[in-house]
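Peer 1: You'll find start_8.pdb just under this line, and it carries PDB, C-alpha atoms.
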```
ATOM      1  CA  MET Q 109      16.102  10.668 -24.889  1.00  0.00           C
ATOM      2  CA  MET Q 110      15.743   7.262 -23.243  1.00  0.00           C
ATOM      3  CA  THR Q 111      17.078   4.071 -24.746  1.00  0.00           C
ATOM      4  CA  HIS Q 112      15.045   0.874 -24.844  1.00  0.00           C
ATOM      5  CA  GLY Q 113      17.164  -0.566 -22.013  1.00  0.00           C
ATOM      6  CA  ARG Q 114      16.346   2.381 -19.755  1.00  0.00           C
ATOM      7  CA  ASP Q 115      12.667   2.101 -20.672  1.00  0.00           C
ATOM      8  CA  ALA Q 116      12.787  -1.512 -19.501  1.00  0.00           C
ATOM      9  CA  GLU Q 117      14.352  -0.379 -16.213  1.00  0.00           C
ATOM     10  CA  VAL Q 118      11.547   2.143 -15.690  1.00  0.00           C
ATOM     11  CA  TYR Q 119       8.968  -0.551 -16.369  1.00  0.00           C
ATOM     12  CA  GLU Q 120      10.630  -3.065 -14.033  1.00  0.00           C
ATOM     13  CA  LYS Q 121      10.807  -0.484 -11.262  1.00  0.00           C
ATOM     14  CA  HIS Q 122       7.097   0.340 -11.369  1.00  0.00           C
ATOM     15  CA  ALA Q 123       5.446  -2.724 -12.944  1.00  0.00           C
ATOM     16  CA  GLU Q 124       4.203  -4.306  -9.727  1.00  0.00           C
ATOM     17  CA  GLU Q 125       2.467  -1.205  -8.369  1.00  0.00           C
ATOM     18  CA  LEU Q 126       1.067  -0.342 -11.799  1.00  0.00           C
ATOM     19  CA  LEU Q 127      -0.378  -3.850 -12.136  1.00  0.00           C
ATOM     20  CA  ARG Q 128      -1.999  -3.568  -8.682  1.00  0.00           C
ATOM     21  CA  PHE Q 129      -3.436  -0.201  -9.702  1.00  0.00           C
ATOM     22  CA  ALA Q 130      -4.761  -1.611 -12.992  1.00  0.00           C
ATOM     23  CA  THR Q 131      -6.249  -4.585 -11.117  1.00  0.00           C
ATOM     24  CA  VAL Q 132      -8.218  -2.253  -8.867  1.00  0.00           C
ATOM     25  CA  LEU Q 133      -9.484  -0.315 -11.858  1.00  0.00           C
ATOM     26  CA  VAL Q 134     -10.460  -3.163 -14.204  1.00  0.00           C
ATOM     27  CA  GLY Q 135     -10.086  -6.415 -12.275  1.00  0.00           C
ATOM     28  CA  PRO Q 136      -7.485  -9.157 -12.454  1.00  0.00           C
ATOM     29  CA  GLU Q 137      -8.697 -10.538 -15.777  1.00  0.00           C
ATOM     30  CA  HIS Q 138      -8.132  -7.320 -17.735  1.00  0.00           C
ATOM     31  CA  ALA Q 139      -5.344  -5.682 -15.712  1.00  0.00           C
ATOM     32  CA  PRO Q 140      -2.382  -7.121 -17.682  1.00  0.00           C
ATOM     33  CA  ASP Q 141      -3.912  -5.989 -20.981  1.00  0.00           C
ATOM     34  CA  VAL Q 142      -4.628  -2.511 -19.643  1.00  0.00           C
ATOM     35  CA  LEU Q 143      -1.125  -2.217 -18.231  1.00  0.00           C
ATOM     36  CA  SER Q 144       0.582  -3.340 -21.419  1.00  0.00           C
ATOM     37  CA  GLY Q 145      -1.586  -1.042 -23.524  1.00  0.00           C
ATOM     38  CA  ALA Q 146      -0.810   1.891 -21.251  1.00  0.00           C
ATOM     39  CA  VAL Q 147       2.931   1.227 -21.292  1.00  0.00           C
ATOM     40  CA  ILE Q 148       2.995   0.877 -25.071  1.00  0.00           C
ATOM     41  CA  LYS Q 149       1.132   4.165 -25.450  1.00  0.00           C
ATOM     42  CA  ALA Q 150       3.371   5.888 -22.893  1.00  0.00           C
ATOM     43  CA  TYR Q 151       6.598   4.742 -24.538  1.00  0.00           C
ATOM     44  CA  GLY Q 152       5.259   5.609 -27.977  1.00  0.00           C
ATOM     45  CA  SER Q 153       4.198   9.079 -26.921  1.00  0.00           C
ATOM     46  CA  ARG Q 154       6.152  12.058 -28.203  1.00  0.00           C
ATOM     47  CA  ALA Q 155       6.075  13.408 -24.656  1.00  0.00           C
ATOM     48  CA  TRP Q 156       7.793  10.346 -23.108  1.00  0.00           C
ATOM     49  CA  PRO Q 157      11.424  11.421 -23.670  1.00  0.00           C
ATOM     50  CA  GLY Q 158      10.816  14.698 -21.837  1.00  0.00           C
ATOM     51  CA  VAL Q 159       8.744  13.311 -18.963  1.00  0.00           C
ATOM     52  CA  GLU Q 160      10.356  14.093 -15.619  1.00  0.00           C
ATOM     53  CA  ASN Q 161       8.058  12.088 -13.317  1.00  0.00           C
ATOM     54  CA  ARG Q 162       7.774   8.842 -15.243  1.00  0.00           C
ATOM     55  CA  ARG Q 163       5.963   7.040 -12.407  1.00  0.00           C
ATOM     56  CA  ALA Q 164       3.151   9.617 -12.361  1.00  0.00           C
ATOM     57  CA  TYR Q 165       2.991   9.594 -16.155  1.00  0.00           C
ATOM     58  CA  LEU Q 166       2.614   5.802 -16.184  1.00  0.00           C
ATOM     59  CA  PHE Q 167      -0.103   5.952 -13.499  1.00  0.00           C
ATOM     60  CA  ARG Q 168      -2.027   8.477 -15.619  1.00  0.00           C
ATOM     61  CA  CYS Q 169      -1.607   6.281 -18.694  1.00  0.00           C
ATOM     62  CA  VAL Q 170      -2.939   3.247 -16.807  1.00  0.00           C
ATOM     63  CA  ALA Q 171      -5.909   5.268 -15.522  1.00  0.00           C
ATOM     64  CA  ASN Q 172      -6.684   6.528 -19.036  1.00  0.00           C
ATOM     65  CA  GLU Q 173      -6.318   3.079 -20.585  1.00  0.00           C
ATOM     66  CA  ALA Q 174      -8.557   1.590 -17.879  1.00  0.00           C
ATOM     67  CA  ARG Q 175     -11.213   4.195 -18.584  1.00  0.00           C
ATOM     68  CA  THR Q 176     -11.089   3.450 -22.316  1.00  0.00           C
ATOM     69  CA  HIS Q 177     -11.088  -0.304 -21.759  1.00  0.00           C
ATOM     70  CA  GLY Q 178     -13.838  -0.116 -19.158  1.00  0.00           C
ATOM     71  CA  ARG Q 179     -16.340   1.522 -21.469  1.00  0.00           C
ATOM     72  CA  SER Q 180     -16.443  -1.351 -23.924  1.00  0.00           C
ATOM     73  CA  VAL Q 181     -16.216  -4.047 -21.248  1.00  0.00           C
ATOM     74  CA  ARG Q 182     -19.108  -2.561 -19.247  1.00  0.00           C
ATOM     75  CA  ARG Q 183     -21.289  -2.333 -22.347  1.00  0.00           C
ATOM     76  CA  ARG Q 184     -20.559  -5.956 -23.250  1.00  0.00           C
ATOM     77  CA  GLU Q 185     -21.094  -7.245 -19.699  1.00  0.00           C
ATOM     78  CA  ALA Q 186     -24.331  -5.303 -19.355  1.00  0.00           C
ATOM     79  CA  ALA Q 187     -25.629  -6.857 -22.566  1.00  0.00           C
ATOM     80  CA  GLU Q 188     -24.632 -10.314 -21.324  1.00  0.00           C
ATOM     81  CA  MET Q 189     -26.343  -9.751 -17.965  1.00  0.00           C
ATOM     82  CA  ARG Q 190     -29.551  -8.596 -19.645  1.00  0.00           C
ATOM     83  CA  ALA Q 191     -29.545 -11.800 -21.681  1.00  0.00           C
ATOM     84  CA  GLU Q 192     -29.190 -14.025 -18.592  1.00  0.00           C
ATOM     85  CA  THR Q 193     -32.249 -15.394 -16.850  1.00  0.00           C
ATOM     86  CA  PRO Q 194     -32.413 -13.942 -13.350  1.00  0.00           C
ATOM     87  CA  ARG Q 195     -32.108 -16.484 -10.532  1.00  0.00           C
ATOM     88  CA  VAL Q 196     -34.002 -15.271  -7.479  1.00  0.00           C
ATOM     89  CA  THR Q 197     -34.388 -17.296  -4.334  1.00  0.00           C
ATOM     90  CA  ALA Q 198     -35.787 -16.378  -0.946  1.00  0.00           C
ATOM     91  CA  SER Q 199     -32.300 -16.211   0.564  1.00  0.00           C
ATOM     92  CA  SER Q 200     -31.054 -13.920  -2.214  1.00  0.00           C
ATOM     93  CA  GLN Q 201     -33.625 -11.323  -1.136  1.00  0.00           C
ATOM     94  CA  LEU Q 202     -31.626 -10.635   2.037  1.00  0.00           C
ATOM     95  CA  PRO Q 203     -29.386  -7.549   1.977  1.00  0.00           C
ATOM     96  CA  ASP Q 204     -25.929  -8.428   0.691  1.00  0.00           C
ATOM     97  CA  VAL Q 205     -23.108  -6.130   1.791  1.00  0.00           C
ATOM     98  CA  ASP Q 206     -20.564  -6.850  -0.920  1.00  0.00           C
ATOM     99  CA  VAL Q 207     -17.901  -4.173  -0.865  1.00  0.00           C
ATOM    100  CA  VAL Q 208     -16.081  -5.539  -3.902  1.00  0.00           C
ATOM    101  CA  ARG Q 209     -19.233  -5.423  -6.009  1.00  0.00           C
ATOM    102  CA  ALA Q 210     -19.959  -1.882  -4.789  1.00  0.00           C
ATOM    103  CA  LEU Q 211     -16.426  -0.763  -5.645  1.00  0.00           C
ATOM    104  CA  ASN Q 212     -16.808  -2.237  -9.120  1.00  0.00           C
ATOM    105  CA  GLU Q 213     -19.911  -0.110  -9.630  1.00  0.00           C
ATOM    106  CA  LEU Q 214     -17.901   3.095  -9.180  1.00  0.00           C
ATOM    107  CA  SER Q 215     -16.482   4.900 -12.188  1.00  0.00           C
ATOM    108  CA  PRO Q 216     -12.854   4.070 -12.994  1.00  0.00           C
ATOM    109  CA  ARG Q 217     -11.772   7.519 -11.771  1.00  0.00           C
ATOM    110  CA  GLN Q 218     -13.629   7.085  -8.474  1.00  0.00           C
ATOM    111  CA  ARG Q 219     -12.148   3.588  -8.014  1.00  0.00           C
ATOM    112  CA  ALA Q 220      -8.680   4.979  -8.726  1.00  0.00           C
ATOM    113  CA  VAL Q 221      -9.055   7.713  -6.123  1.00  0.00           C
ATOM    114  CA  VAL Q 222     -10.474   5.319  -3.513  1.00  0.00           C
ATOM    115  CA  TYR Q 223      -7.683   2.816  -4.126  1.00  0.00           C
ATOM    116  CA  LEU Q 224      -4.902   5.374  -3.958  1.00  0.00           C
ATOM    117  CA  SER Q 225      -6.417   7.008  -0.892  1.00  0.00           C
ATOM    118  CA  TYR Q 226      -7.259   3.938   1.187  1.00  0.00           C
ATOM    119  CA  TRP Q 227      -4.978   1.163  -0.052  1.00  0.00           C
ATOM    120  CA  GLU Q 228      -1.898   3.188  -0.970  1.00  0.00           C
ATOM    121  CA  ASP Q 229      -2.524   5.755   1.812  1.00  0.00           C
ATOM    122  CA  LEU Q 230      -1.763   8.733  -0.437  1.00  0.00           C
ATOM    123  CA  ASP Q 231      -2.970  12.234   0.320  1.00  0.00           C
ATOM    124  CA  GLN Q 232      -5.055  14.204  -2.163  1.00  0.00           C
ATOM    125  CA  ARG Q 233      -2.068  16.129  -3.546  1.00  0.00           C
ATOM    126  CA  ALA Q 234      -0.120  12.936  -4.257  1.00  0.00           C
ATOM    127  CA  ILE Q 235      -3.182  11.372  -5.903  1.00  0.00           C
ATOM    128  CA  ALA Q 236      -3.717  14.489  -7.996  1.00  0.00           C
ATOM    129  CA  GLN Q 237      -0.115  14.380  -9.165  1.00  0.00           C
ATOM    130  CA  LEU Q 238      -0.275  10.686 -10.065  1.00  0.00           C
ATOM    131  CA  LEU Q 239      -3.521  11.037 -11.995  1.00  0.00           C
ATOM    132  CA  GLY Q 240      -2.767  14.413 -13.553  1.00  0.00           C
ATOM    133  CA  ILE Q 241      -5.827  16.106 -12.108  1.00  0.00           C
ATOM    134  CA  GLY Q 242      -6.258  18.879  -9.564  1.00  0.00           C
ATOM    135  CA  PRO Q 243      -6.586  18.301  -5.822  1.00  0.00           C
ATOM    136  CA  GLY Q 244     -10.134  19.667  -6.031  1.00  0.00           C
ATOM    137  CA  ALA Q 245     -11.039  17.000  -8.566  1.00  0.00           C
ATOM    138  CA  VAL Q 246      -9.576  14.333  -6.292  1.00  0.00           C
ATOM    139  CA  HIS Q 247     -11.673  15.681  -3.420  1.00  0.00           C
ATOM    140  CA  ARG Q 248     -14.816  15.647  -5.604  1.00  0.00           C
ATOM    141  CA  HIS Q 249     -14.230  12.099  -6.905  1.00  0.00           C
ATOM    142  CA  LEU Q 250     -13.536  10.826  -3.393  1.00  0.00           C
ATOM    143  CA  ALA Q 251     -16.665  12.505  -1.994  1.00  0.00           C
ATOM    144  CA  ARG Q 252     -18.824  11.106  -4.802  1.00  0.00           C
ATOM    145  CA  ALA Q 253     -17.301   7.646  -4.366  1.00  0.00           C
ATOM    146  CA  ARG Q 254     -18.008   7.677  -0.628  1.00  0.00           C
ATOM    147  CA  SER Q 255     -21.563   8.826  -1.246  1.00  0.00           C
ATOM    148  CA  ASN Q 256     -22.107   6.147  -3.891  1.00  0.00           C
ATOM    149  CA  LEU Q 257     -20.640   3.441  -1.661  1.00  0.00           C
ATOM    150  CA  ARG Q 258     -22.851   4.485   1.251  1.00  0.00           C
ATOM    151  CA  ARG Q 259     -25.912   4.367  -0.986  1.00  0.00           C
ATOM    152  CA  MET Q 260     -24.995   0.995  -2.544  1.00  0.00           C
ATOM    153  CA  LEU Q 261     -24.056  -0.671   0.720  1.00  0.00           C
ATOM    154  CA  ARG Q 262     -27.241   0.480   2.467  1.00  0.00           C
ATOM    155  CA  ALA Q 263     -29.460  -1.068  -0.195  1.00  0.00           C
TER     156      ALA Q 263
END
```
Let me see the structure of the file written as structure tokens.
Peer 2:
Amino acid sequence: MMTHGRDAEVYEKHAEELLRFATVLVGPEHAPDVLSGAVIKAYGSRAWPGVENRRAYLFRCVANEARTHGRSVRRREAAEMRAETPRVTASSQLPDVDVVRALNELSPRQRAVVYLSYWEDLDQRAIAQLLGIGPGAVHRHLARARSNLRRMLRA
């Protein structure tokens, strides 16, 4: 069983990469909240004392917390956007290739797989291990993300 001091060491060792991961999933505004919520849930879990790969466990917790957080945030933001008056100008009719906006339109799982694949340069097995899903699921999420990005960026 880990002591609180050793838990702090685990957090310190992985905090920076977990925060980057959370930032990709939910953006810089919500990333610290998602990370802290994930760490609290991880450390409070009955499984935590027996976890062998704590890094992977924390990545899965961040991904799960981001998914939970993202649902309510997306609903709220969508309601706010519907309430706004659209501002359309002639120049805004031109195609806008905004990769960041397209990435934000992906599901949290697809964003996670894209980030880990392209920014962290992990292979599908490593991604599967970090996220606690099978390599086939990683392949599927990556293929769907690529397809969605192609479609969004062509529009």
Peer 1: For Ala253 (chain Q), find every residue with an atom within 8 Å (counting all atoms listed in the file), except residues of its own chain fewer than 5 positions away, and show them as a PyMOL selection string.
Peer 2: chain Q and resi 214+218-219+222
Peer 1: Write out the residues from the selection above, keeping C-alpha atoms, as a compact mmCIF listing (two decimals), in the coordinates of the input.
Peer 2:
```txt
# COMPACT_ATOMS: atom_id res chain seq x y z
CA LEU Q 214 -17.90 3.10 -9.18
CA GLN Q 218 -13.63 7.08 -8.47
CA ARG Q 219 -12.15 3.59 -8.01
CA VAL Q 222 -10.47 5.32 -3.51
```
Peer 1: Selected by the PyMOL selection byres ((chain Q and resi 123-134) around 8) in the shown coordinates: which residues, as a PyMOL selection string?
Peer 2: chain Q and resi 119-122+135-140+142-143+166-167+170-171+174+178+216+219-220+223
Peer 1: CA of Tyr226 (chain Q) and CA of Ala164 (chain Q), how far apart in Å?
Peer 2: 18.0 Å
Peer 1: Please indicate the distance in Å from CA of Leu261 (chain Q) to CA of Leu224 (chain Q), rounded to one decimal place.
Peer 2: 20.6 Å
Peer 1: Which value, in Å to one decimal, gives the distance between CA of Arg254 (chain Q) and CA of Asp231 (chain Q)?
Peer 2: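 Between these atoms lies a distance of 15.7 Å.
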Peer 1: Closest to Ala116 (chain Q) among Q:Cys169, Q:Ala251, Q:Ile148, Q:Val159, using all atoms listed in the file?
Peer 2: Q:Ile148
Peer 1: Decode the PyMOL selection byres ((chain Q and resi 232) around 10) for the given file into explicit residues and return them as a PDB file with C-alpha atoms, in the frame of the given file.
Peer 2:
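Written out: part.pdb:
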```pdb
ATOM      1  CA  VAL Q 221      -9.055   7.713  -6.123  1.00  0.00           C
ATOM      2  CA  LEU Q 224      -4.902   5.374  -3.958  1.00  0.00           C
ATOM      3  CA  SER Q 225      -6.417   7.008  -0.892  1.00  0.00           C
ATOM      4  CA  ASP Q 229      -2.524   5.755   1.812  1.00  0.00           C
ATOM      5  CA  LEU Q 230      -1.763   8.733  -0.437  1.00  0.00           C
ATOM      6  CA  ASP Q 231      -2.970  12.234   0.320  1.00  0.00           C
ATOM      7  CA  ARG Q 233      -2.068  16.129  -3.546  1.00  0.00           C
ATOM      8  CA  ALA Q 234      -0.120  12.936  -4.257  1.00  0.00           C
ATOM      9  CA  ILE Q 235      -3.182  11.372  -5.903  1.00  0.00           C
ATOM     10  CA  ALA Q 236      -3.717  14.489  -7.996  1.00  0.00           C
ATOM     11  CA  GLN Q 237      -0.115  14.380  -9.165  1.00  0.00           C
ATOM     12  CA  LEU Q 238      -0.275  10.686 -10.065  1.00  0.00           C
ATOM     13  CA  GLY Q 242      -6.258  18.879  -9.564  1.00  0.00           C
ATOM     14  CA  PRO Q 243      -6.586  18.301  -5.822  1.00  0.00           C
ATOM     15  CA  GLY Q 244     -10.134  19.667  -6.031  1.00  0.00           C
ATOM     16  CA  ALA Q 245     -11.039  17.000  -8.566  1.00  0.00           C
ATOM     17  CA  VAL Q 246      -9.576  14.333  -6.292  1.00  0.00           C
ATOM     18  CA  HIS Q 247     -11.673  15.681  -3.420  1.00  0.00           C
ATOM     19  CA  LEU Q 250     -13.536  10.826  -3.393  1.00  0.00           C
TER      20      LEU Q 250
END
```
Peer 1: With distances taken over only C-alpha atoms, which of Q:Asp206, Q:Asp141, Q:Glu228, Q:Glu117 is nearest to Arg262 (chain Q)?
Peer 2: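 Among the listed residues, the smallest separation from Arg262 (chain Q) belongs to Q:Asp206.
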Peer 1: For a quick check of understanding, using all atoms listed in the file, which of Q:Arg209, Q:Ala150, Q:Ser215, Q:Arg168 has the smallest distance to His249 (chain Q)?
Peer 2: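 Nearest to His249 (chain Q): Q:Ser215.
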